[in-house]
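Undergrad: The structure file upload22.txt (compact mmCIF, C-alpha atoms and all ligand atoms) is provided below.
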```
# COMPACT_ATOMS: atom_id res chain seq x y z
CA MET A 139 -59.18 -45.40 72.20
CA ASN A 140 -57.53 -47.36 69.43
CA ILE A 141 -54.55 -46.41 67.34
CA LYS A 142 -56.52 -45.60 64.19
CA ILE A 143 -58.51 -42.89 65.92
CA LYS A 144 -55.32 -41.57 67.48
CA ALA A 145 -53.72 -41.37 64.04
CA LEU A 146 -56.82 -39.73 62.61
CA LYS A 147 -56.68 -37.05 65.29
CA LYS A 148 -53.10 -36.27 64.38
CA SER A 149 -53.66 -36.10 60.67
CA LEU A 150 -56.87 -34.38 59.61
CA TRP A 151 -56.94 -33.62 55.90
CA VAL A 152 -59.45 -30.95 55.11
CA TYR A 153 -61.43 -30.43 51.94
CA HIS A 154 -63.16 -27.19 51.30
CA VAL A 155 -66.72 -27.22 49.97
CA SER A 156 -68.20 -23.91 48.95
CA GLY A 157 -71.97 -24.03 48.73
CA GLY A 158 -72.47 -20.50 47.46
CA SER A 159 -70.62 -18.42 49.99
CA CYS A 160 -69.68 -14.77 49.60
CA ASN A 161 -66.03 -15.90 49.49
CA ASN A 162 -65.15 -14.26 52.77
CA CYS A 163 -65.32 -17.45 54.83
CA ASP A 164 -63.18 -19.17 52.20
CA ILE A 165 -60.48 -16.54 52.56
CA GLU A 166 -60.54 -16.98 56.34
CA ILE A 167 -60.06 -20.73 55.85
CA LEU A 168 -56.96 -20.03 53.77
CA ASP A 169 -55.80 -17.73 56.56
CA CYS A 170 -55.46 -20.77 58.80
CA LEU A 171 -52.72 -22.07 56.51
CA THR A 172 -50.62 -18.90 56.67
CA PRO A 173 -47.49 -18.70 58.85
CA LYS A 174 -49.36 -16.87 61.59
CA PHE A 175 -51.77 -19.72 62.37
CA ASP A 176 -50.04 -22.61 60.59
CA ILE A 177 -52.44 -25.49 61.08
CA GLU A 178 -49.93 -27.84 59.46
CA ARG A 179 -48.28 -28.14 62.88
CA PHE A 180 -51.37 -30.12 63.92
CA GLY A 181 -51.01 -32.27 60.82
CA MET A 182 -53.84 -30.62 58.92
CA VAL A 183 -53.39 -30.06 55.22
CA LEU A 184 -55.72 -28.82 52.54
CA VAL A 185 -56.31 -31.56 49.95
CA GLY A 186 -57.75 -31.27 46.47
CA SER A 187 -60.08 -34.24 46.36
CA PRO A 188 -62.91 -35.32 48.69
CA ARG A 189 -61.60 -38.90 48.40
CA HIS A 190 -58.56 -37.87 50.46
CA ALA A 191 -60.49 -35.80 52.98
CA ASP A 192 -61.25 -36.42 56.65
CA VAL A 193 -62.93 -33.09 57.30
CA LEU A 194 -65.35 -31.25 55.03
CA LEU A 195 -65.30 -27.53 55.66
CA CYS A 196 -68.58 -26.25 54.25
CA THR A 197 -69.19 -22.56 53.74
CA GLY A 198 -72.14 -20.63 52.37
CA ILE A 199 -75.90 -21.01 52.46
CA VAL A 200 -75.93 -23.96 50.03
CA ASN A 201 -78.08 -22.44 47.33
CA LYS A 202 -80.56 -24.48 45.32
CA LYS A 203 -78.06 -25.32 42.59
CA CYS A 204 -75.54 -26.52 45.13
CA VAL A 205 -77.76 -28.88 47.12
CA GLU A 206 -77.20 -31.90 44.88
CA ARG A 207 -73.51 -31.17 44.59
CA VAL A 208 -72.93 -30.91 48.32
CA LYS A 209 -74.79 -34.20 48.81
CA GLU A 210 -72.64 -35.79 46.12
CA VAL A 211 -69.40 -34.53 47.68
CA TYR A 212 -70.49 -35.95 51.03
CA LYS A 213 -71.21 -39.31 49.41
CA GLN A 214 -67.81 -39.31 47.68
CA THR A 215 -65.88 -38.66 50.87
CA ALA A 216 -64.16 -41.64 52.42
CA LYS A 217 -65.66 -42.34 55.84
CA PRO A 218 -65.09 -41.70 58.73
CA CYS A 219 -65.36 -38.01 58.00
CA VAL A 220 -66.38 -34.92 59.95
CA VAL A 221 -68.53 -32.13 58.56
CA VAL A 222 -67.92 -28.62 59.82
CA ALA A 223 -70.32 -25.78 59.04
CA ILE A 224 -68.31 -22.58 58.77
CA GLY A 225 -69.92 -19.16 59.01
CA SER A 226 -73.40 -17.98 59.92
CA CYS A 227 -74.56 -18.78 56.41
CA ALA A 228 -73.79 -22.48 56.70
CA CYS A 229 -75.04 -22.67 60.29
CA SER A 230 -78.41 -21.01 59.85
CA GLY A 231 -78.64 -19.11 56.61
CA GLY A 232 -77.57 -15.86 58.22
CA MET A 233 -78.73 -12.75 56.45
CA PHE A 234 -79.73 -14.73 53.37
CA ARG A 235 -82.20 -17.00 55.19
CA ASP A 236 -85.24 -15.53 53.41
CA GLY A 237 -83.59 -15.38 50.00
CA TYR A 238 -85.24 -17.04 47.03
CA GLN A 239 -82.10 -19.04 46.28
CA MET A 240 -81.81 -20.54 49.77
CA GLY A 241 -81.47 -24.33 49.63
CA GLY A 242 -79.92 -24.93 53.05
CA PRO A 243 -78.94 -24.46 55.76
CA LEU A 244 -76.32 -27.17 55.63
CA ASP A 245 -77.74 -29.43 58.35
CA LYS A 246 -80.90 -29.99 56.34
CA ILE A 247 -78.80 -31.57 53.61
CA ILE A 248 -76.01 -33.52 55.28
CA PRO A 249 -75.30 -34.39 58.95
CA VAL A 250 -73.19 -31.64 60.54
CA ASP A 251 -70.82 -32.30 63.44
CA VAL A 252 -69.62 -28.85 64.44
CA TYR A 253 -71.03 -25.36 63.89
CA ILE A 254 -68.68 -22.39 63.79
CA PRO A 255 -70.74 -19.19 63.65
CA GLY A 256 -69.42 -15.77 62.71
CA CYS A 257 -69.53 -13.66 59.59
CA PRO A 258 -66.85 -14.63 58.82
CA PRO A 259 -65.51 -16.59 61.81
CA LYS A 260 -61.97 -15.76 62.84
CA PRO A 261 -59.24 -18.32 62.21
CA GLU A 262 -58.94 -18.66 66.00
CA ALA A 263 -62.61 -19.62 66.14
CA MET A 264 -62.07 -22.23 63.44
CA ILE A 265 -59.14 -23.74 65.29
CA ALA A 266 -61.24 -23.82 68.47
CA GLY A 267 -63.97 -25.57 66.46
CA ILE A 268 -61.53 -28.16 65.16
CA VAL A 269 -60.39 -28.84 68.73
CA LYS A 270 -64.04 -29.61 69.54
CA VAL A 271 -64.07 -32.03 66.59
CA LEU A 272 -61.05 -33.80 68.06
CA GLU A 273 -62.86 -34.24 71.36
CA LYS A 274 -65.84 -35.65 69.54
CA LEU A 275 -63.91 -38.34 67.68
CA LYS A 276 -63.91 -41.61 69.58
CA MET B 20 -26.67 -65.89 46.78
CA SER B 21 -29.55 -67.94 48.11
CA ALA B 22 -33.23 -67.17 47.71
CA LEU B 23 -33.54 -66.76 51.47
CA TYR B 24 -30.87 -64.04 51.46
CA ILE B 25 -32.70 -62.18 48.72
CA PHE B 26 -36.03 -62.51 50.49
CA LEU B 27 -34.63 -61.34 53.84
CA SER B 28 -32.91 -58.36 52.27
CA PHE B 29 -36.14 -57.52 50.43
CA VAL B 30 -38.08 -57.45 53.70
CA MET B 31 -35.35 -55.51 55.47
CA VAL B 32 -35.17 -52.93 52.70
CA PHE B 33 -38.94 -52.61 52.72
CA LEU B 34 -39.10 -51.91 56.46
CA SER B 35 -36.01 -49.72 56.79
CA PHE B 36 -36.61 -47.71 53.61
CA SER B 37 -40.23 -46.97 54.45
CA ILE B 38 -39.35 -45.80 57.97
CA CYS B 39 -36.32 -43.75 56.85
CA GLY B 40 -38.23 -42.44 53.85
CA MET B 41 -41.07 -41.16 56.00
CA LEU B 42 -38.57 -39.47 58.30
CA ALA B 43 -36.86 -37.91 55.28
CA MET B 44 -40.19 -36.65 54.01
CA TRP B 45 -40.80 -35.22 57.45
CA ILE B 46 -37.44 -33.39 57.31
CA ASP B 47 -38.54 -32.03 53.96
CA ARG B 48 -41.88 -30.79 55.32
CA LYS B 49 -40.37 -29.41 58.50
CA LEU B 50 -37.58 -27.52 56.76
CA THR B 51 -40.02 -26.15 54.22
CA ALA B 52 -42.19 -24.93 57.08
CA ARG B 53 -39.20 -23.35 58.86
CA LEU B 54 -38.17 -21.59 55.66
CA GLN B 55 -41.66 -20.09 55.49
CA PHE B 56 -41.48 -19.02 59.16
CA ARG B 57 -43.95 -21.68 60.22
CA VAL B 58 -43.60 -24.30 62.93
CA GLY B 59 -44.25 -27.36 60.83
CA PRO B 60 -45.56 -30.83 61.62
CA PRO B 61 -44.19 -33.09 64.39
CA TRP B 62 -41.80 -35.92 63.53
CA TYR B 63 -44.42 -38.67 63.53
CA GLN B 64 -46.60 -36.85 61.02
CA ASN B 65 -46.09 -39.14 58.03
CA PHE B 66 -46.57 -42.25 60.17
CA ALA B 67 -49.83 -40.84 61.52
CA ASP B 68 -50.95 -40.08 57.96
CA PHE B 69 -50.20 -43.61 56.86
CA ILE B 70 -51.91 -45.31 59.81
CA LYS B 71 -54.91 -43.07 59.35
CA LEU B 72 -55.14 -43.99 55.67
CA ILE B 73 -55.12 -47.69 56.59
CA GLY B 74 -58.13 -47.09 58.84
CA LYS B 75 -60.13 -45.18 56.26
CA GLU B 76 -62.73 -46.53 53.90
CA THR B 77 -61.39 -47.51 50.46
CA LEU B 78 -63.71 -46.44 47.69
CA ILE B 79 -63.50 -47.92 44.21
CA PRO B 80 -65.28 -45.69 41.72
CA GLU B 81 -68.10 -47.14 39.64
CA LYS B 82 -66.48 -46.35 36.32
CA ALA B 83 -63.10 -47.74 37.33
CA ASN B 84 -61.42 -50.90 36.16
CA ALA B 85 -61.25 -52.43 39.63
CA PHE B 86 -58.37 -54.83 39.01
CA MET B 87 -56.00 -52.24 37.54
CA PHE B 88 -57.11 -49.71 40.13
CA VAL B 89 -56.08 -51.98 43.00
CA ALA B 90 -53.08 -53.61 41.34
CA SER B 91 -51.16 -50.50 40.26
CA PRO B 92 -50.19 -49.16 43.74
CA VAL B 93 -48.98 -52.65 44.67
CA LEU B 94 -46.97 -52.83 41.45
CA GLY B 95 -45.25 -49.51 42.17
CA LEU B 96 -44.48 -50.50 45.75
CA ILE B 97 -42.92 -53.84 44.80
CA ALA B 98 -40.85 -52.35 41.99
CA THR B 99 -39.33 -49.63 44.18
CA THR B 100 -38.55 -52.11 46.94
CA ILE B 101 -36.79 -54.43 44.47
CA ALA B 102 -34.81 -51.46 43.16
CA GLY B 103 -33.80 -50.62 46.73
CA THR B 104 -32.77 -54.22 47.39
CA ILE B 105 -30.59 -54.31 44.29
CA ILE B 106 -28.92 -51.00 45.13
CA LEU B 107 -28.22 -51.78 48.76
CA PHE B 108 -27.55 -55.54 48.86
CA ILE B 109 -27.48 -57.38 45.56
CA SER B 110 -25.13 -54.97 43.79
CA ARG B 111 -22.24 -55.86 46.15
CA THR B 112 -19.39 -57.11 44.01
CA ASP B 113 -19.72 -60.74 45.09
CA THR B 114 -23.45 -60.99 44.44
CA GLY B 115 -23.96 -58.40 41.72
CA PHE B 116 -24.65 -59.17 38.09
CA PRO B 117 -23.63 -57.29 34.94
CA ALA B 118 -25.84 -54.35 33.95
CA ASP B 119 -27.77 -54.20 37.23
CA ALA B 120 -27.64 -50.39 37.04
CA ILE B 121 -29.80 -50.56 33.92
CA ILE B 122 -32.30 -52.80 35.70
CA VAL B 123 -32.47 -50.32 38.57
CA LEU B 124 -33.10 -47.59 36.01
CA TYR B 125 -36.06 -49.54 34.66
CA LEU B 126 -37.39 -50.35 38.12
CA LEU B 127 -37.23 -46.71 39.20
CA ALA B 128 -39.46 -45.80 36.25
CA VAL B 129 -42.16 -48.25 37.36
CA PRO B 130 -43.73 -46.07 40.15
CA SER B 131 -44.51 -43.36 37.61
CA ILE B 132 -45.97 -45.98 35.29
CA ALA B 133 -48.03 -47.32 38.20
CA ILE B 134 -49.44 -43.85 38.78
CA ILE B 135 -50.26 -43.59 35.08
CA LEU B 136 -51.97 -47.01 35.06
CA GLY B 137 -53.90 -46.34 38.25
CA GLY B 138 -54.97 -42.90 37.12
CA SER B 139 -56.22 -44.14 33.78
CA ALA B 140 -58.01 -47.07 35.44
CA SER B 141 -59.94 -44.69 37.69
CA GLY B 142 -61.91 -43.21 34.81
CA ASN B 143 -61.78 -39.64 36.07
CA VAL B 144 -61.34 -36.67 33.74
CA LEU B 145 -59.02 -34.74 36.04
CA ALA B 146 -56.99 -37.90 36.56
CA ALA B 147 -56.67 -38.10 32.77
CA VAL B 148 -55.17 -34.59 32.72
CA GLY B 149 -52.88 -35.63 35.56
CA ILE B 150 -51.63 -38.77 33.82
CA SER B 151 -51.01 -36.95 30.57
CA ARG B 152 -48.75 -34.58 32.51
CA GLU B 153 -47.13 -37.44 34.41
CA MET B 154 -46.40 -39.21 31.13
CA LYS B 155 -44.73 -36.16 29.61
CA LEU B 156 -42.76 -35.66 32.80
CA LEU B 157 -41.62 -39.30 32.70
CA LEU B 158 -40.52 -39.01 29.08
CA GLY B 159 -38.82 -35.74 29.98
CA TYR B 160 -36.64 -36.72 32.91
CA GLU B 161 -35.81 -40.21 31.73
CA LEU B 162 -33.46 -39.02 28.96
CA PRO B 163 -31.20 -36.84 31.15
CA PHE B 164 -31.28 -39.53 33.83
CA ILE B 165 -29.94 -42.06 31.33
CA CYS B 166 -27.24 -39.53 30.38
CA ALA B 167 -26.28 -39.33 34.06
CA LEU B 168 -25.97 -43.12 34.23
CA VAL B 169 -23.94 -43.26 31.01
CA ILE B 170 -21.47 -40.62 32.24
CA SER B 171 -20.83 -42.56 35.42
CA ALA B 172 -20.57 -45.84 33.50
CA ILE B 173 -18.00 -44.41 31.06
CA LYS B 174 -15.95 -42.80 33.82
CA SER B 175 -15.66 -46.05 35.71
CA GLY B 176 -14.23 -47.97 32.80
CA THR B 177 -17.34 -48.73 30.73
CA THR B 178 -19.15 -50.94 33.17
CA THR B 179 -22.85 -50.91 33.98
CA SER B 180 -22.70 -53.02 37.10
CA LEU B 181 -23.22 -50.98 40.25
CA GLY B 182 -20.74 -53.11 42.16
CA SER B 183 -17.87 -52.32 39.81
CA ILE B 184 -18.82 -48.63 39.63
CA ILE B 185 -18.62 -48.44 43.43
CA GLN B 186 -15.39 -50.46 43.48
CA PHE B 187 -13.85 -48.16 40.88
CA GLN B 188 -14.69 -45.15 43.05
CA GLN B 189 -13.21 -46.78 46.14
CA GLN B 190 -9.91 -47.11 44.32
CA ASN B 191 -9.86 -43.87 42.32
CA GLY B 192 -11.96 -41.43 44.35
CA MET B 193 -15.50 -40.25 43.70
CA ILE B 194 -16.64 -39.62 40.15
CA LEU B 195 -18.02 -36.31 41.41
CA GLY B 196 -14.40 -35.11 41.55
CA SER B 197 -14.19 -34.72 37.77
CA PHE B 198 -15.74 -32.25 35.34
CA SER B 199 -18.11 -34.70 33.72
CA GLY B 200 -18.94 -36.06 37.18
CA VAL B 201 -20.17 -32.65 38.35
CA ILE B 202 -22.29 -32.30 35.23
CA GLY B 203 -23.76 -35.76 35.64
CA PHE B 204 -24.51 -35.18 39.31
CA ILE B 205 -26.39 -31.94 38.60
CA ILE B 206 -28.44 -33.66 35.91
CA GLY B 207 -29.10 -36.61 38.18
CA VAL B 208 -30.35 -34.43 41.04
CA LEU B 209 -32.74 -32.52 38.79
CA ALA B 210 -34.04 -35.68 37.13
CA LEU B 211 -34.61 -37.28 40.54
CA GLN B 212 -36.46 -34.17 41.65
CA GLY B 213 -38.80 -34.78 38.72
CA LYS B 214 -39.08 -38.47 39.57
CA LEU B 215 -40.09 -37.67 43.14
CA GLY B 216 -42.59 -35.05 41.95
CA LEU B 217 -41.10 -32.32 44.15
CA VAL B 218 -42.07 -28.75 43.61
CA PRO B 219 -40.72 -27.35 40.37
CA PHE B 220 -41.98 -30.55 38.74
CA ASP B 221 -45.13 -31.32 40.75
CA LEU B 222 -47.43 -30.46 37.87
CA ALA B 223 -48.90 -33.96 37.79
CA GLU B 224 -50.33 -33.52 41.28
CA ALA B 225 -51.17 -29.83 41.03
CA GLU B 226 -53.70 -29.45 43.80
CA GLY B 227 -54.92 -26.02 42.78
CA GLU B 228 -55.75 -26.86 39.17
CA ILE B 229 -56.50 -30.54 38.82
CA ALA B 230 -57.32 -31.51 42.40
CA GLY B 231 -54.62 -34.05 43.17
CA GLY B 232 -54.23 -35.17 39.56
CA SER B 233 -53.79 -38.83 38.85
CA LEU B 234 -54.43 -39.83 42.47
CA ILE B 235 -57.75 -37.98 42.68
CA GLU B 236 -59.92 -41.12 42.99
CA TYR B 237 -57.66 -42.97 45.41
CA SER B 238 -58.66 -43.22 49.05
CA GLY B 239 -57.82 -45.29 52.11
CA ILE B 240 -55.11 -47.90 52.00
CA LEU B 241 -54.52 -47.62 48.24
CA LEU B 242 -53.59 -43.96 48.65
CA GLY B 243 -51.46 -45.03 51.61
CA LEU B 244 -49.58 -47.46 49.35
CA PHE B 245 -48.79 -44.65 46.93
CA LYS B 246 -47.46 -42.55 49.82
CA LEU B 247 -45.36 -45.50 50.97
CA THR B 248 -43.97 -45.95 47.46
CA LYS B 249 -42.98 -42.32 47.45
CA ALA B 250 -41.30 -42.71 50.83
CA ILE B 251 -39.26 -45.68 49.61
CA LEU B 252 -38.39 -43.85 46.40
CA PHE B 253 -37.24 -40.95 48.55
CA ILE B 254 -34.45 -43.21 49.83
CA ALA B 255 -33.86 -45.48 46.83
CA GLY B 256 -33.47 -42.65 44.30
CA PRO B 257 -30.79 -40.67 46.17
CA LEU B 258 -29.05 -43.95 47.07
CA PHE B 259 -28.78 -44.79 43.37
CA LEU B 260 -27.22 -41.38 42.74
CA ILE B 261 -24.83 -41.91 45.66
CA SER B 262 -23.73 -45.21 44.15
CA LEU B 263 -23.18 -43.61 40.76
CA TYR B 264 -21.36 -40.43 41.82
CA LEU B 265 -20.52 -40.28 45.51
CA GLY B 266 -18.79 -43.60 46.02
CA GLY B 267 -21.65 -45.70 47.27
CA PHE B 268 -23.08 -46.62 50.62
CA SER B 269 -21.03 -49.05 52.68
CA LEU B 270 -22.74 -51.10 55.38
CA SER B 271 -19.61 -52.87 56.58
CA SER B 272 -18.17 -50.27 58.96
CA ILE B 273 -19.45 -47.48 61.22
CA THR B 274 -17.57 -44.78 59.30
CA GLY B 275 -19.04 -46.15 56.08
CA ILE B 276 -22.56 -45.85 57.45
CA ILE B 277 -21.98 -42.35 58.81
CA SER B 278 -20.45 -41.06 55.59
CA GLY B 279 -23.32 -42.69 53.68
CA ILE B 280 -25.85 -40.84 55.80
CA LEU B 281 -23.97 -37.57 55.31
CA LYS B 282 -24.00 -38.09 51.54
CA TYR B 283 -27.74 -38.78 51.69
CA ILE B 284 -28.33 -35.61 53.72
CA LEU B 285 -26.34 -33.61 51.16
CA ILE B 286 -28.68 -34.75 48.39
CA LEU B 287 -31.77 -34.23 50.56
CA VAL B 288 -30.73 -30.65 51.35
CA LEU B 289 -30.21 -30.00 47.63
CA PHE B 290 -33.75 -31.29 46.96
CA ILE B 291 -35.24 -29.08 49.66
CA LEU B 292 -33.36 -26.00 48.49
CA ILE B 293 -34.42 -26.46 44.87
CA ARG B 294 -37.98 -27.14 45.98
CA ASN B 295 -38.27 -24.04 48.11
CA THR B 296 -36.68 -21.56 45.73
CA ASN B 297 -38.59 -22.41 42.57
CA PRO B 298 -42.20 -22.04 41.49
CA ARG B 299 -43.93 -24.83 39.60
CA LEU B 300 -43.02 -25.05 35.92
CA ARG B 301 -45.55 -25.46 33.15
CA ILE B 302 -45.40 -28.67 31.14
CA ASP B 303 -43.81 -27.00 28.09
CA GLN B 304 -41.18 -25.35 30.29
CA THR B 305 -40.47 -28.67 31.99
CA LEU B 306 -39.96 -30.44 28.68
CA ARG B 307 -37.80 -27.62 27.34
CA LEU B 308 -35.62 -27.84 30.45
CA PHE B 309 -35.26 -31.62 30.36
CA TRP B 310 -35.01 -32.26 26.62
CA GLY B 311 -33.20 -29.00 25.86
CA TRP B 312 -30.68 -27.78 28.38
CA LEU B 313 -30.24 -30.83 30.53
CA THR B 314 -29.94 -33.27 27.63
CA LEU B 315 -27.41 -31.01 25.88
CA LEU B 316 -25.50 -30.77 29.14
CA GLY B 317 -25.72 -34.54 29.42
CA PHE B 318 -24.26 -35.07 25.93
CA ALA B 319 -21.49 -32.59 26.73
CA GLY B 320 -20.83 -34.56 29.91
CA ILE B 321 -20.64 -37.83 27.95
CA LEU B 322 -18.12 -36.29 25.51
CA LEU B 323 -16.02 -35.00 28.42
CA ALA B 324 -16.17 -38.43 30.02
CA ILE B 325 -15.01 -40.09 26.79
CA VAL B 326 -11.98 -37.79 26.51
CA GLY B 327 -11.28 -38.56 30.14
CA TRP B 328 -12.05 -35.31 32.01
S1 LIG C 401 -71.05 -16.20 56.90
FE1 LIG C 401 -70.67 -14.12 56.23
S2 LIG C 401 -68.63 -14.16 55.39
FE2 LIG C 401 -69.31 -16.28 55.51
S3 LIG C 401 -70.20 -16.73 53.53
FE3 LIG C 401 -71.85 -16.02 54.83
S4 LIG C 401 -72.02 -13.83 54.46
FE4 LIG C 401 -70.00 -14.52 53.68
```
Do you think you could lay out the structure here as structure tokens?
Ligand code: SF4
TA:
Amino acid sequence: MNIKIKALKKSLWVYHVSGGSCNNCDIEILDCLTPKFDIERFGMVLVGSPRHADVLLCTGIVNKKCVERVKEVYKQTAKPCVVVAIGSCACSGGMFRDGYQMGGPLDKIIPVDVYIPGCPPKPEAMIAGIVKVLEKLK
Amino acid sequence: MSALYIFLSFVMVFLSFSICGMLAMWIDRKLTARLQFRVGPPWYQNFADFIKLIGKETLIPEKANAFMFVASPVLGLIATTIAGTIILFISRTDTGFPADAIIVLYLLAVPSIAIILGGSASGNVLAAVGISREMKLLLGYELPFICALVISAIKSGTTTSLGSIIQFQQQNGMILGSFSGVIGFIIGVLALQGKLGLVPFDLAEAEGEIAGGSLIEYSGILLGLFKLTKAILFIAGPLFLISLYLGGFSLSSITGIISGILKYILILVLFILIRNTNPRLRIDQTLRLFWGWLTLLGFAGILLAIVGW
């Protein structure tokens, strides 16, 4: 394992992509940054631009309007990057899978590395998911 | 003063300032985290960030002016390192030159100008908002910062060479010990806070509103260079203030080095306290603070310095 990957593991900058979520998953993501969970101790910070990001946290079913945008955000992200599908919606479509506005699920649009199911998933589950990402990076 | 000496001190300042600056930024992050009852990142965090950014892909946007986009982070980095070299080595009384404090003042403004150039070269709308804020911020803090320099220059017998300012303080005690010195120091700390883009004045990078601001299109090593510039500025800026008000940083003896580090920590703690007890100011509030209260205070300080207080 070389030093760049080691550094990447210690400093994951996350960018949050909402593809038409109900906003509940997004609030749980912000929960991870609160003093109780404090993911900054693992070097993770929320950044404002996909250019700075190492991890894309995608929530929501990715509705038809969002498909192009999510693709574009993925293209704009500096590689190597990891895509995490957060919530049942992003993983499979969840309760909206038969909806007329369904454009996803996420893995039909961009390659997904980790799935974190739950509606919404707990912050603990997200941290566990990120640990799986770290194992995957080589 | 040979060219080799200058080159060696340049390289030494580059290495030592970037390492110390990253550690100082870590202290800042860690203390901020502790004040919010969090654990905070480990000590190597900023180094890991930088190495990671070197390994990432560097994207140059289609609409960007590629030359300016790549050149501006390098420009900022070189300018801050030269400023650091002048403050730490060249301004010694035997090698210094007249008015080097003014040159340092100019050089310390270059990183902000580099951000403005790079942001405008990237051709992004949000970056345009960011650089317009950065420009106003630059115009704002530069005036009080000049006042701070003028106060110190008048107090030390109307000289603008850093070497003689430091020598004056070695003979007559720190300038901070006088009324006008206290005023100048307060202004200097606040202006530096703006220069470093720390929290009450971080409107140019506002993540929530304009997504990273002027740096929005930067990725990979170019972003890393901006972070490195900030780390070096994190040392060079306070060191400039120490030379002007706290009697300078002596490298010749152990006690000199220790007292220099203590002075630096004093300024760092002031930064962190101001940063953690204030919310971000709007651009109009920032300008009113800098051009209104602080400039008036600065003029008052200059008058006091002229009458000798
Ligand atoms: S998974 Fe549940 S909480 Fe998350 S966006 Fe979908 S419906 Fe909302």
Undergrad: Quick one, how far is atom CA of Cys170 of chain A from atom FE4 of ligand LIG 401 (chain C)?
TA: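 Between atom CA of Cys170 of chain A and atom FE4 of ligand LIG 401 (chain C) the gap is 16.6 Å.
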Undergrad: Taking only C-alpha atoms into account, which residues of chain B are within 9 Å of chain A, as an NGL selection string?
TA: :B and (52 or 55-61 or 64-78 or 225-232 or 234-239 or 242)
Undergrad: Kindly save the residues from that selection, with C-alpha atoms included, as a PDB file, in the frame of the given file.
TA:
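In the end it all went to selection.pdb:
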```
ATOM      1  CA  ALA B  52     -42.190 -24.930  57.080  1.00  0.00           C
ATOM      2  CA  GLN B  55     -41.660 -20.090  55.490  1.00  0.00           C
ATOM      3  CA  PHE B  56     -41.480 -19.020  59.160  1.00  0.00           C
ATOM      4  CA  ARG B  57     -43.950 -21.680  60.220  1.00  0.00           C
ATOM      5  CA  VAL B  58     -43.600 -24.300  62.930  1.00  0.00           C
ATOM      6  CA  GLY B  59     -44.250 -27.360  60.830  1.00  0.00           C
ATOM      7  CA  PRO B  60     -45.560 -30.830  61.620  1.00  0.00           C
ATOM      8  CA  PRO B  61     -44.190 -33.090  64.390  1.00  0.00           C
ATOM      9  CA  GLN B  64     -46.600 -36.850  61.020  1.00  0.00           C
ATOM     10  CA  ASN B  65     -46.090 -39.140  58.030  1.00  0.00           C
ATOM     11  CA  PHE B  66     -46.570 -42.250  60.170  1.00  0.00           C
ATOM     12  CA  ALA B  67     -49.830 -40.840  61.520  1.00  0.00           C
ATOM     13  CA  ASP B  68     -50.950 -40.080  57.960  1.00  0.00           C
ATOM     14  CA  PHE B  69     -50.200 -43.610  56.860  1.00  0.00           C
ATOM     15  CA  ILE B  70     -51.910 -45.310  59.810  1.00  0.00           C
ATOM     16  CA  LYS B  71     -54.910 -43.070  59.350  1.00  0.00           C
ATOM     17  CA  LEU B  72     -55.140 -43.990  55.670  1.00  0.00           C
ATOM     18  CA  ILE B  73     -55.120 -47.690  56.590  1.00  0.00           C
ATOM     19  CA  GLY B  74     -58.130 -47.090  58.840  1.00  0.00           C
ATOM     20  CA  LYS B  75     -60.130 -45.180  56.260  1.00  0.00           C
ATOM     21  CA  GLU B  76     -62.730 -46.530  53.900  1.00  0.00           C
ATOM     22  CA  THR B  77     -61.390 -47.510  50.460  1.00  0.00           C
ATOM     23  CA  LEU B  78     -63.710 -46.440  47.690  1.00  0.00           C
ATOM     24  CA  ALA B 225     -51.170 -29.830  41.030  1.00  0.00           C
ATOM     25  CA  GLU B 226     -53.700 -29.450  43.800  1.00  0.00           C
ATOM     26  CA  GLY B 227     -54.920 -26.020  42.780  1.00  0.00           C
ATOM     27  CA  GLU B 228     -55.750 -26.860  39.170  1.00  0.00           C
ATOM     28  CA  ILE B 229     -56.500 -30.540  38.820  1.00  0.00           C
ATOM     29  CA  ALA B 230     -57.320 -31.510  42.400  1.00  0.00           C
ATOM     30  CA  GLY B 231     -54.620 -34.050  43.170  1.00  0.00           C
ATOM     31  CA  GLY B 232     -54.230 -35.170  39.560  1.00  0.00           C
ATOM     32  CA  LEU B 234     -54.430 -39.830  42.470  1.00  0.00           C
ATOM     33  CA  ILE B 235     -57.750 -37.980  42.680  1.00  0.00           C
ATOM     34  CA  GLU B 236     -59.920 -41.120  42.990  1.00  0.00           C
ATOM     35  CA  TYR B 237     -57.660 -42.970  45.410  1.00  0.00           C
ATOM     36  CA  SER B 238     -58.660 -43.220  49.050  1.00  0.00           C
ATOM     37  CA  GLY B 239     -57.820 -45.290  52.110  1.00  0.00           C
ATOM     38  CA  LEU B 242     -53.590 -43.960  48.650  1.00  0.00           C
TER      39      LEU B 242
END
```
Undergrad: Grab the atom CA of Gly267 of chain A to atom CA of Pro255 of chain A distance for me, in Å with one decimal place.
TA: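 About the pair atom CA of Gly267 of chain A and atom CA of Pro255 of chain A: they are 9.7 Å apart.
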Undergrad: Set up a box along x, y and z of the file covering all listed atoms of segment 248-264 of chain A, add 8 Å on every one of the six sides, and write the centre and edge lengths in Å to one decimal, as AutoDock Vina command-line options.
TA:
```
--center_x -67.5 --center_y -24.0 --center_z 60.7 --size_x 33.1 --size_y 36.7 --size_z 26.9
```
Undergrad: Neighbouring residues of Pro243 of chain A were defined as those with any atom within 6 Å, considering only C-alpha atoms; residues of the same chain fewer than 3 positions away were excluded. Please report them as a PDB file with C-alpha atoms, in the frame of the given file.
TA:
```pdb
ATOM      1  CA  ILE A 199     -75.900 -21.010  52.460  1.00  0.00           C
ATOM      2  CA  ALA A 228     -73.790 -22.480  56.700  1.00  0.00           C
ATOM      3  CA  SER A 230     -78.410 -21.010  59.850  1.00  0.00           C
ATOM      4  CA  GLY A 231     -78.640 -19.110  56.610  1.00  0.00           C
ATOM      5  CA  LYS A 246     -80.900 -29.990  56.340  1.00  0.00           C
TER       6      LYS A 246
END
```
